[in-house]
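For reference, final-v9.tsv (TSV, C-alpha atoms and all ligand atoms):
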chain	number	residue	atom	x	y	z
E	27	MET	CA	-46.19	36.18	14.91
E	28	LYS	CA	-48.16	37.16	11.83
E	29	ILE	CA	-48.86	34.38	9.32
E	30	LYS	CA	-48.01	35.24	5.71
E	31	LYS	CA	-48.20	31.86	4.00
E	32	VAL	CA	-49.27	28.28	4.75
E	33	GLU	CA	-48.55	25.17	2.70
E	34	LEU	CA	-50.59	22.01	3.19
E	35	ARG	CA	-49.31	18.76	1.75
E	36	GLN	CA	-50.58	15.21	2.01
E	37	ILE	CA	-47.90	12.52	1.79
E	38	GLU	CA	-47.69	8.75	1.96
E	39	ILE	CA	-44.51	6.94	3.07
E	40	PRO	CA	-44.02	3.17	3.24
E	41	TYR	CA	-43.36	1.68	6.68
E	42	VAL	CA	-40.46	-0.75	7.01
E	43	GLU	CA	-43.06	-3.41	7.84
E	44	PRO	CA	-46.82	-3.56	8.47
E	45	PHE	CA	-48.05	-2.69	11.98
E	46	GLN	CA	-51.02	-4.71	13.20
E	47	VAL	CA	-53.25	-3.54	16.05
E	48	SER	CA	-56.52	-4.88	17.46
E	49	LYS	CA	-58.68	-3.34	14.73
E	50	TRP	CA	-56.52	-2.65	11.69
E	51	THR	CA	-53.09	-3.02	10.02
E	52	GLU	CA	-51.09	0.04	8.92
E	53	ILE	CA	-48.83	-0.50	5.90
E	54	THR	CA	-47.92	3.06	4.99
E	55	LYS	CA	-47.89	6.35	6.87
E	56	LYS	CA	-50.32	8.77	5.28
E	57	THR	CA	-50.27	12.22	6.84
E	58	ASN	CA	-50.72	15.95	6.22
E	59	ILE	CA	-47.73	18.23	6.58
E	60	VAL	CA	-48.24	21.90	7.44
E	61	LYS	CA	-45.56	24.51	6.69
E	62	ILE	CA	-46.19	27.96	8.14
E	63	GLU	CA	-44.28	31.08	7.15
E	64	THR	CA	-44.45	34.31	9.16
E	65	GLU	CA	-44.26	37.86	7.87
E	66	ASP	CA	-40.71	38.15	9.22
E	67	GLY	CA	-39.50	34.96	7.51
E	68	TYR	CA	-39.70	32.26	10.17
E	69	ILE	CA	-40.73	28.80	8.99
E	70	GLY	CA	-42.44	26.21	11.19
E	71	TRP	CA	-43.46	22.60	10.54
E	72	GLY	CA	-46.22	20.38	11.82
E	73	GLU	CA	-47.95	17.08	10.94
E	74	THR	CA	-51.38	15.65	11.61
E	75	ASP	CA	-51.26	12.11	12.96
E	76	SER	CA	-54.54	10.42	12.37
E	77	PHE	CA	-54.65	7.42	10.04
E	78	GLU	CA	-56.38	6.80	6.73
E	79	ARG	CA	-59.13	4.82	8.49
E	80	PRO	CA	-60.81	5.88	11.76
E	81	TRP	CA	-59.88	2.82	13.86
E	82	TYR	CA	-57.88	4.67	16.53
E	83	ASN	CA	-60.26	7.62	16.91
E	84	TYR	CA	-62.78	9.32	14.63
E	85	GLU	CA	-60.20	11.53	12.92
E	86	THR	CA	-58.78	10.63	9.50
E	87	VAL	CA	-56.14	11.96	7.13
E	88	GLU	CA	-58.85	13.12	4.70
E	89	GLY	CA	-60.94	14.59	7.50
E	90	ASN	CA	-57.93	16.51	8.81
E	91	TRP	CA	-57.19	17.80	5.28
E	92	TYR	CA	-60.80	19.00	4.95
E	93	ILE	CA	-60.80	20.79	8.31
E	94	LEU	CA	-57.36	22.36	7.79
E	95	ASN	CA	-58.12	23.40	4.20
E	96	LYS	CA	-61.63	24.71	4.70
E	97	PHE	CA	-61.61	26.13	8.21
E	98	MET	CA	-58.38	26.14	10.19
E	99	ILE	CA	-55.82	27.55	7.74
E	100	PRO	CA	-58.16	30.37	6.57
E	101	SER	CA	-58.70	31.23	10.26
E	102	ILE	CA	-54.99	31.85	10.92
E	103	LEU	CA	-53.87	33.33	7.59
E	104	ASN	CA	-52.79	36.99	7.94
E	105	LYS	CA	-53.68	36.83	11.64
E	106	GLU	CA	-51.40	37.68	14.53
E	107	PHE	CA	-51.07	35.51	17.66
E	108	THR	CA	-48.59	33.67	19.89
E	109	MET	CA	-48.34	29.98	20.81
E	110	GLU	CA	-50.45	30.80	23.88
E	111	THR	CA	-53.16	32.74	21.99
E	112	LEU	CA	-53.44	30.51	18.88
E	113	TYR	CA	-56.54	28.91	20.39
E	114	SER	CA	-58.41	32.23	20.22
E	115	LYS	CA	-58.37	32.00	16.39
E	116	LEU	CA	-59.46	28.35	16.30
E	117	ASN	CA	-61.67	27.70	19.32
E	118	TRP	CA	-64.84	28.28	17.29
E	119	ILE	CA	-64.04	24.88	15.74
E	120	GLN	CA	-65.04	21.91	17.89
E	121	GLY	CA	-62.88	18.80	18.28
E	122	ASN	CA	-60.57	17.85	15.40
E	123	LEU	CA	-57.59	18.03	17.75
E	124	MET	CA	-55.31	16.16	15.34
E	125	ALA	CA	-55.88	18.83	12.68
E	126	TYR	CA	-55.33	21.52	15.33
E	127	ASP	CA	-52.14	19.72	16.38
E	128	ALA	CA	-50.48	20.22	12.98
E	129	ILE	CA	-50.91	24.00	13.24
E	130	ALA	CA	-50.01	24.07	16.94
E	131	GLU	CA	-46.77	22.16	16.22
E	132	ALA	CA	-45.70	24.61	13.49
E	133	VAL	CA	-46.58	27.58	15.70
E	134	ALA	CA	-44.61	26.11	18.63
E	135	ASP	CA	-41.65	25.48	16.29
E	136	ILE	CA	-41.69	29.14	15.21
E	137	SER	CA	-42.16	30.45	18.78
E	138	ALA	CA	-39.09	28.53	19.99
E	139	GLN	CA	-37.04	29.74	17.01
E	140	GLN	CA	-38.04	33.33	17.77
E	141	ALA	CA	-36.83	32.81	21.34
E	142	ASN	CA	-33.60	31.37	19.88
E	143	ILE	CA	-33.92	28.10	21.84
E	144	SER	CA	-35.04	24.52	21.38
E	145	LEU	CA	-38.73	23.66	21.61
E	146	ALA	CA	-37.90	21.48	24.65
E	147	THR	CA	-36.39	24.43	26.53
E	148	PHE	CA	-39.15	26.74	25.30
E	149	LEU	CA	-41.79	24.44	26.83
E	150	GLY	CA	-39.88	24.33	30.13
E	151	GLY	CA	-38.34	20.90	29.61
E	152	THR	CA	-35.60	19.82	31.99
E	153	LEU	CA	-34.65	16.32	30.77
E	154	ALA	CA	-31.89	15.90	28.15
E	155	LYS	CA	-32.88	12.31	27.32
E	156	THR	CA	-36.05	10.29	27.51
E	157	LYS	CA	-36.47	6.60	28.37
E	158	SER	CA	-37.42	4.72	25.26
E	159	GLY	CA	-39.77	1.78	24.82
E	160	ILE	CA	-40.97	-0.06	21.75
E	161	SER	CA	-44.52	-0.90	20.69
E	162	LEU	CA	-44.76	-4.22	18.86
E	163	GLY	CA	-47.80	-4.96	16.73
E	164	ILE	CA	-49.70	-8.24	16.70
E	165	GLN	CA	-47.37	-10.73	14.97
E	166	LYS	CA	-47.95	-13.71	12.69
E	167	SER	CA	-46.81	-16.07	15.47
E	168	THR	CA	-45.72	-15.88	19.11
E	169	ASP	CA	-42.32	-17.32	18.14
E	170	TYR	CA	-41.81	-14.43	15.73
E	171	LEU	CA	-42.90	-11.99	18.46
E	172	ILE	CA	-40.37	-13.51	20.87
E	173	GLU	CA	-37.66	-13.10	18.25
E	174	LYS	CA	-38.60	-9.43	17.92
E	175	ILE	CA	-38.47	-8.94	21.69
E	176	HIS	CA	-34.98	-10.48	21.81
E	177	LYS	CA	-33.88	-7.97	19.17
E	178	ALA	CA	-35.50	-5.04	21.02
E	179	ASN	CA	-33.79	-6.10	24.24
E	180	GLU	CA	-30.43	-6.30	22.51
E	181	GLN	CA	-30.99	-2.80	21.13
E	182	GLY	CA	-31.65	-1.63	24.71
E	183	TYR	CA	-35.33	-0.65	24.73
E	184	GLN	CA	-36.41	-0.12	28.35
E	185	ARG	CA	-39.83	-1.68	28.00
E	186	ILE	CA	-41.78	-3.75	25.54
E	187	LYS	CA	-45.39	-3.00	24.66
E	188	LEU	CA	-47.47	-5.73	23.07
E	189	LYS	CA	-50.60	-5.03	21.10
E	190	ILE	CA	-53.35	-7.41	22.15
E	191	LYS	CA	-56.95	-8.20	21.29
E	192	PRO	CA	-59.50	-10.69	22.64
E	193	GLY	CA	-58.28	-14.18	21.72
E	194	LYS	CA	-54.72	-12.93	21.08
E	195	ASP	CA	-53.87	-12.05	24.66
E	196	ILE	CA	-53.36	-14.44	27.59
E	197	ASP	CA	-51.53	-17.19	25.66
E	198	VAL	CA	-49.21	-14.61	24.12
E	199	ILE	CA	-48.53	-12.77	27.40
E	200	LYS	CA	-47.90	-16.06	29.22
E	201	LYS	CA	-45.36	-17.29	26.67
E	202	VAL	CA	-43.61	-13.92	26.53
E	203	ARG	CA	-43.41	-13.75	30.33
E	204	GLU	CA	-41.97	-17.28	30.51
E	205	GLU	CA	-39.27	-16.34	27.99
E	206	PHE	CA	-38.60	-12.89	29.55
E	207	PRO	CA	-39.29	-13.06	33.32
E	208	ASP	CA	-37.72	-9.66	34.08
E	209	VAL	CA	-38.45	-7.49	31.08
E	210	GLY	CA	-40.56	-4.34	31.56
E	211	LEU	CA	-43.73	-5.47	29.82
E	212	MET	CA	-47.07	-3.83	29.11
E	213	VAL	CA	-50.02	-4.43	26.79
E	214	ASP	CA	-52.20	-2.13	24.69
E	215	ALA	CA	-55.72	-3.17	23.66
E	216	ASN	CA	-56.75	-0.07	21.67
E	217	SER	CA	-60.33	-0.26	22.99
E	218	ALA	CA	-60.94	-3.90	21.94
E	219	TYR	CA	-62.48	-5.18	25.23
E	220	THR	CA	-65.94	-4.90	26.81
E	221	LEU	CA	-67.33	-5.61	30.27
E	222	SER	CA	-68.57	-9.04	29.09
E	223	ASP	CA	-67.77	-11.91	31.47
E	224	LYS	CA	-65.38	-13.43	28.95
E	225	HIS	CA	-63.40	-10.22	28.45
E	226	ILE	CA	-63.31	-9.36	32.16
E	227	HIS	CA	-62.06	-12.86	32.87
E	228	SER	CA	-59.16	-12.36	30.42
E	229	LEU	CA	-58.33	-8.90	31.73
E	230	LYS	CA	-58.26	-10.18	35.33
E	231	GLU	CA	-56.05	-13.08	34.28
E	232	MET	CA	-53.48	-10.59	32.97
E	233	ASP	CA	-52.97	-9.44	36.56
E	234	GLN	CA	-50.62	-12.35	37.34
E	235	TYR	CA	-47.95	-11.47	34.76
E	236	GLY	CA	-46.39	-8.43	36.45
E	237	LEU	CA	-47.37	-6.05	33.65
E	238	MET	CA	-46.37	-2.40	34.05
E	239	MET	CA	-49.83	-1.45	32.84
E	240	ILE	CA	-52.78	-2.38	30.64
E	241	GLU	CA	-53.39	0.41	28.11
E	242	GLN	CA	-56.88	1.41	26.97
E	243	PRO	CA	-58.90	-1.78	27.44
E	244	PHE	CA	-62.27	-0.13	26.67
E	245	LEU	CA	-63.72	2.50	24.31
E	246	ASP	CA	-62.59	6.09	24.77
E	247	TYR	CA	-65.72	7.26	26.64
E	248	GLU	CA	-65.99	4.22	28.91
E	249	PHE	CA	-64.46	5.86	31.97
E	250	VAL	CA	-66.87	4.03	34.28
E	251	SER	CA	-66.01	0.60	32.82
E	252	SER	CA	-62.34	1.39	33.23
E	253	ALA	CA	-62.85	2.40	36.88
E	254	LYS	CA	-64.77	-0.84	37.54
E	255	LEU	CA	-61.91	-2.89	36.12
E	256	GLN	CA	-59.26	-0.89	37.98
E	257	GLN	CA	-61.03	-1.76	41.25
E	258	GLN	CA	-60.66	-5.45	40.47
E	259	ILE	CA	-57.01	-5.60	39.38
E	260	LYS	CA	-53.71	-4.43	40.81
E	261	THR	CA	-52.05	-3.81	37.42
E	262	PRO	CA	-52.38	-0.08	36.67
E	263	ILE	CA	-54.68	0.87	33.82
E	264	CYS	CA	-53.24	3.48	31.45
E	265	LEU	CA	-55.57	5.63	29.38
E	266	ASP	CA	-54.66	6.65	25.82
E	267	GLU	CA	-57.70	7.14	23.51
E	268	SER	CA	-59.82	8.44	26.44
E	269	ILE	CA	-57.66	11.49	27.15
E	270	HIS	CA	-58.08	14.57	24.95
E	271	THR	CA	-58.29	17.37	27.51
E	272	ILE	CA	-57.65	18.22	31.13
E	273	GLY	CA	-61.39	17.68	31.57
E	274	ASP	CA	-60.91	14.02	30.61
E	275	CYS	CA	-58.10	13.75	33.20
E	276	GLN	CA	-60.45	15.21	35.81
E	277	VAL	CA	-63.15	12.66	34.98
E	278	SER	CA	-60.65	9.82	35.14
E	279	ASN	CA	-59.28	11.11	38.42
E	280	ALA	CA	-62.71	11.53	39.98
E	281	LEU	CA	-63.80	8.02	38.99
E	282	GLY	CA	-60.48	6.19	39.41
E	283	SER	CA	-60.47	5.09	35.75
E	284	CYS	CA	-56.68	4.81	35.50
E	285	GLU	CA	-53.40	5.19	37.39
E	286	ILE	CA	-51.21	6.21	34.44
E	287	ILE	CA	-51.79	8.50	31.45
E	288	ASN	CA	-50.30	8.25	27.96
E	289	ILE	CA	-49.88	11.79	26.62
E	290	LYS	CA	-49.93	11.87	22.83
E	291	VAL	CA	-49.17	15.28	21.38
E	292	SER	CA	-51.34	14.68	18.31
E	293	ARG	CA	-54.34	13.37	20.24
E	294	VAL	CA	-54.45	16.32	22.66
E	295	GLY	CA	-53.94	19.07	20.06
E	296	GLY	CA	-50.27	19.98	20.13
E	297	PRO	CA	-47.26	20.68	22.36
E	298	LEU	CA	-48.80	23.39	24.57
E	299	LYS	CA	-51.93	21.35	25.34
E	300	ALA	CA	-49.70	18.33	26.01
E	301	LYS	CA	-47.68	20.43	28.45
E	302	ASN	CA	-50.85	21.59	30.22
E	303	ILE	CA	-52.02	17.98	30.65
E	304	HIS	CA	-48.52	17.06	31.84
E	305	ASP	CA	-48.69	19.83	34.47
E	306	PHE	CA	-52.14	18.68	35.63
E	307	CYS	CA	-50.90	15.10	35.98
E	308	LYS	CA	-47.78	16.23	37.85
E	309	GLU	CA	-49.93	18.17	40.30
E	310	HIS	CA	-52.13	15.11	40.84
E	311	ASN	CA	-49.26	12.60	41.05
E	312	ILE	CA	-50.29	10.73	37.91
E	313	PRO	CA	-47.22	9.32	36.12
E	314	VAL	CA	-47.21	9.96	32.38
E	315	TRP	CA	-45.33	8.81	29.30
E	316	CYS	CA	-45.25	9.99	25.72
E	317	GLY	CA	-47.25	7.93	23.27
E	318	GLY	CA	-46.83	7.97	19.52
E	319	MET	CA	-48.75	7.52	16.28
E	320	ARG	CA	-45.83	6.12	14.30
E	321	GLU	CA	-45.14	9.69	13.26
E	322	CYS	CA	-42.77	10.96	10.61
E	323	GLY	CA	-39.70	12.90	11.72
E	324	ILE	CA	-41.48	16.18	12.42
E	325	GLY	CA	-43.94	14.60	14.83
E	326	ARG	CA	-41.26	12.45	16.43
E	327	ALA	CA	-38.99	15.50	17.03
E	328	ILE	CA	-41.93	17.25	18.70
E	329	ASN	CA	-42.74	14.18	20.82
E	330	LEU	CA	-39.13	14.20	22.00
E	331	ALA	CA	-39.29	17.91	22.88
E	332	VAL	CA	-42.46	17.36	24.94
E	333	SER	CA	-40.86	14.33	26.63
E	334	SER	CA	-38.25	16.63	28.17
E	335	LEU	CA	-40.86	17.80	30.71
E	336	PRO	CA	-40.07	16.46	34.20
E	337	ASN	CA	-43.10	14.22	34.80
E	338	PHE	CA	-42.31	12.02	31.77
E	339	THR	CA	-40.85	9.40	34.10
E	340	LEU	CA	-42.02	6.18	32.40
E	341	PRO	CA	-40.51	4.89	29.13
E	342	GLY	CA	-42.43	6.23	26.11
E	343	ASP	CA	-43.27	4.94	22.64
E	344	ILE	CA	-40.61	7.02	20.89
E	345	SER	CA	-38.43	4.48	19.13
E	346	GLY	CA	-35.54	4.74	16.63
E	347	THR	CA	-36.33	5.79	13.06
E	348	ASP	CA	-35.13	2.35	11.85
E	349	ILE	CA	-38.24	0.55	13.16
E	350	TYR	CA	-40.52	2.83	11.14
E	351	PHE	CA	-38.96	4.17	7.92
E	352	ASP	CA	-36.12	3.55	5.50
E	353	GLU	CA	-36.68	7.07	4.19
E	354	ASP	CA	-38.11	9.66	6.57
E	355	ILE	CA	-38.87	13.30	5.74
E	356	ILE	CA	-36.12	14.79	7.90
E	357	GLU	CA	-32.36	14.74	7.51
E	358	GLU	CA	-31.65	13.37	11.00
E	359	ARG	CA	-32.31	9.77	12.02
E	360	PHE	CA	-33.32	9.14	15.63
E	361	VAL	CA	-31.14	6.47	17.17
E	362	LEU	CA	-31.55	4.66	20.46
E	363	ASN	CA	-28.63	5.26	22.87
E	364	LYS	CA	-26.94	2.20	24.40
E	365	ASP	CA	-28.62	2.96	27.74
E	366	GLY	CA	-32.08	2.73	26.15
E	367	THR	CA	-32.69	6.47	25.99
E	368	MET	CA	-33.19	8.90	23.14
E	369	ASP	CA	-31.65	12.37	23.08
E	370	ILE	CA	-33.98	15.36	23.06
E	371	PRO	CA	-33.10	17.60	20.06
E	372	THR	CA	-31.16	20.70	21.14
E	373	GLY	CA	-31.24	22.78	17.94
E	374	LYS	CA	-33.52	25.80	17.64
E	375	GLY	CA	-37.24	25.10	17.32
E	376	ILE	CA	-37.94	21.44	16.59
E	377	GLY	CA	-34.22	21.05	15.92
E	378	VAL	CA	-34.46	18.89	12.79
E	379	HIS	CA	-34.22	19.67	9.08
E	380	VAL	CA	-37.15	18.82	6.84
E	381	LEU	CA	-36.16	17.39	3.45
E	382	GLU	CA	-38.42	19.16	0.99
E	383	ASP	CA	-37.39	16.89	-1.89
E	384	ARG	CA	-38.58	13.89	0.15
E	385	LEU	CA	-41.88	15.69	0.74
E	386	GLU	CA	-42.16	16.13	-3.03
E	387	LYS	CA	-41.28	12.50	-3.62
E	388	PHE	CA	-44.00	11.20	-1.24
E	389	SER	CA	-46.55	13.88	-2.14
E	390	LEU	CA	-50.20	13.03	-2.85
E	391	ARG	CA	-51.65	16.56	-2.95
E	392	PHE	CA	-50.54	20.07	-2.24
E	393	LYS	CA	-52.15	23.44	-1.63
E	394	SER	CA	-50.65	26.83	-0.91
E	395	PHE	CA	-52.45	29.62	0.98
E	396	SER	CA	-51.31	33.25	1.05
T	1	LIG	O1	-52.28	3.04	20.77
T	1	LIG	O2	-50.35	3.76	21.25
T	1	LIG	C1	-51.18	3.40	20.40
T	1	LIG	C2	-49.55	3.31	16.96
T	1	LIG	C3	-50.58	3.80	16.21
T	1	LIG	C4	-51.78	4.13	16.80
T	1	LIG	C5	-51.95	3.96	18.16
T	1	LIG	C6	-50.91	3.48	18.94
T	1	LIG	C7	-49.70	3.12	18.32
T	1	LIG	C8	-48.58	2.55	19.01
T	1	LIG	C9	-47.20	2.75	18.45
T	1	LIG	O3	-48.70	1.83	19.98
T	1	LIG	C10	-46.58	4.02	18.91
T	1	LIG	C11	-45.38	4.42	18.09
T	1	LIG	O4	-44.46	3.61	17.93
T	1	LIG	O5	-45.37	5.56	17.59
T	2	MG	MG	-52.29	3.11	22.85
What does the file become when written as structure tokens?
Ligand code: OSB
Ligand code: MG
Amino acid sequence: MKIKKVELRQIEIPYVEPFQVSKWTEITKKTNIVKIETEDGYIGWGETDSFERPWYNYETVEGNWYILNKFMIPSILNKEFTMETLYSKLNWIQGNLMAYDAIAEAVADISAQQANISLATFLGGTLAKTKSGISLGIQKSTDYLIEKIHKANEQGYQRIKLKIKPGKDIDVIKKVREEFPDVGLMVDANSAYTLSDKHIHSLKEMDQYGLMMIEQPFLDYEFVSSAKLQQQIKTPICLDESIHTIGDCQVSNALGSCEIINIKVSRVGGPLKAKNIHDFCKEHNIPVWCGGMRECGIGRAINLAVSSLPNFTLPGDISGTDIYFDEDIIEERFVLNKDGTMDIPTGKGIGVHVLEDRLEKFSLRFKSFS
């Protein structure tokens, strides 16, 4: 494809309710939307998925805008490449995988449209549905959390993920387990723990509650700490923030830092890189699931397409649109099936229709490149 025009837009959409994690609370979704047009008239969409503040990783919405605007978009404009060779235009830029992701998503969307098939099929996906879980933020009270889990169970979600932090962990997990002895349960710490005696004590205590996994207890680069903990507990550790590249998977594998990997399309730099990590994990018998960044509809459609790959065997964090937005930026709303699965879009490319008037409505800034 040859790129004729790129539009970059920053938007802000209210969430249905605030989402509290160990280090911050998200009230709105701020993101950058990339629209790419090729010389022969194909249009592809992508979104960055960092947050306004760098609590999850060091990327931010403003940082992504800067990198896209100043370096990445000028590097692809009027250039010719395929989904597989996109990196050759951008690999002079280090890191910034969430900015890269927005372009990679739009390019993947166009590539699948050119092949006249869905992005899922284009990537080699074989699954028509994906198992769906729900990620619940830290709540104002454990009673309120329990109420939310009852609702999620009624809706059919196949597993419940609880956000935890030191001091808001064991008591909560214990009460939830007493109320729901059989529910598929896991916890996500978003890097809030250290190897201090107090924290290790709490993490070891979690071992008795039959959790499916403990996600990202330590900071992203603390592979050794994670391996030390994994040696002391039987609950699998799942890495999220730590995994950006196949190299990170190799480090984790060599050290024994985790038993499960959360593949997030945005964190690893787009659908193709996500597929490559998926293939590595499949080869090394590491189960994976698809994580999310509370994306808008474009990102969620792409997460679903990637989740069609065969090693996505564990329930992911792709939930129904209703838990995130009253008004999303796509026409379709994603709905949980009765059996706790979500359908992978089958239309060409990302298979959803972007509502440009909604983009206008939620717009903060806009820039066109041609
Ligand atoms: O760590 O998986 C995470 C949301 C924002 C940032 C990080 C994470 C999350 C979630 C929710 O857990 C995933 C989702 O519902 O999209
Ligand atoms: Mg996580």
Exercise. Quote the spacing between CA of Ser251 in chain E and CA of Gly193 in chain E in Å to one decimal place.
Key: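 Straight-line distance from CA of Ser251 in chain E to CA of Gly193 in chain E works out to 20.0 Å.
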Quiz item: Do you know which residues are within 8 Å of ligand MG 2 (chain T) using only C-alpha atoms and all ligand atoms? Can you write them as a list in words?
Solution: Asp214, Ala215, Asn216, Glu241, Gln242, Leu265, Asp266, Glu267, Asn288 and Gly317 of chain E
Practice problem: Figure out the distance between CA of Glu248 in chain E and CA of Asn329 in chain E, please, to one decimal in Å. | Solution: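 A separation of 26.6 Å between them.
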Quiz prompt | Shell of 7 Å around ligand LIG 1 (chain T) (only C-alpha atoms and all ligand atoms), written as a list of chain:residue names | solution =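 Going residue by residue within 7 Å of ligand LIG 1 (chain T), we get E:Tyr82, E:Ile160, E:Ser161, E:Asp214, E:Asn216, E:Asp266, E:Gly317, E:Gly318, E:Met319, E:Arg320, E:Glu321, E:Asp343, E:Ile344, E:Ser345.
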Self-check item: For CA of Gly323 in chain E and CA of Ile349 in chain E, the interatomic separation in Å (one decimal)
Solution: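 It comes out at 12.5 Å.
Using only C-alpha atoms, the smallest distance between any of E:Asp233, E:Glu285, E:Glu33, E:Glu73 and Ser252 in chain E comes from E:Glu285.
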Exercise. Please identify all polymer residues within 12 Å of Pro192 in chain E, counting all atoms listed in the file, omitting same-chain residues fewer than 3 positions from it, and present them as a PyMOL selection string.
Key: chain E and resi 47-49+164+189+195-198+214-220+222+224-229+232+243-244
Quiz item: List as an MDAnalysis selection string: which residues have an atom within 9 Å of (-35.4, 9.4, 22.3), counting only C-alpha atoms?
Solution: chainID E and resid 155:158 326:327 329:330 333 342 344:346 360:363 366:371
Practice problem: Please identify all polymer residues within 10 Å of range 170-180 of chain E, counting only C-alpha atoms, omitting same-chain residues fewer than 3 positions from it, and present them as a count of residues only. | Solution: 24
Quiz item: When distances are computed from all atoms listed in the file, which of E:Val277, E:Ile324, E:Val332, E:Ile62 shows the smallest separation from Lys31 in chain E?
Solution: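 For Lys31 in chain E, the nearest of the given residues is E:Ile62.
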Practice problem: Would you please work out which residue, of E:Leu237, E:Leu281, E:Val314, E:Ile119, is nearest to Thr339 in chain E when using all atoms listed in the file? | Solution: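 The closest residue to Thr339 in chain E is E:Val314.
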Practice problem: Determine the nearest neighbour of Asn104 in chain E from the options E:Asn117, E:Thr64, E:Gln257, E:Gln139, counting only C-alpha atoms. | Solution: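 Among E:Asn117, E:Thr64, E:Gln257, E:Gln139, it is E:Thr64 that comes nearest to Asn104 in chain E.
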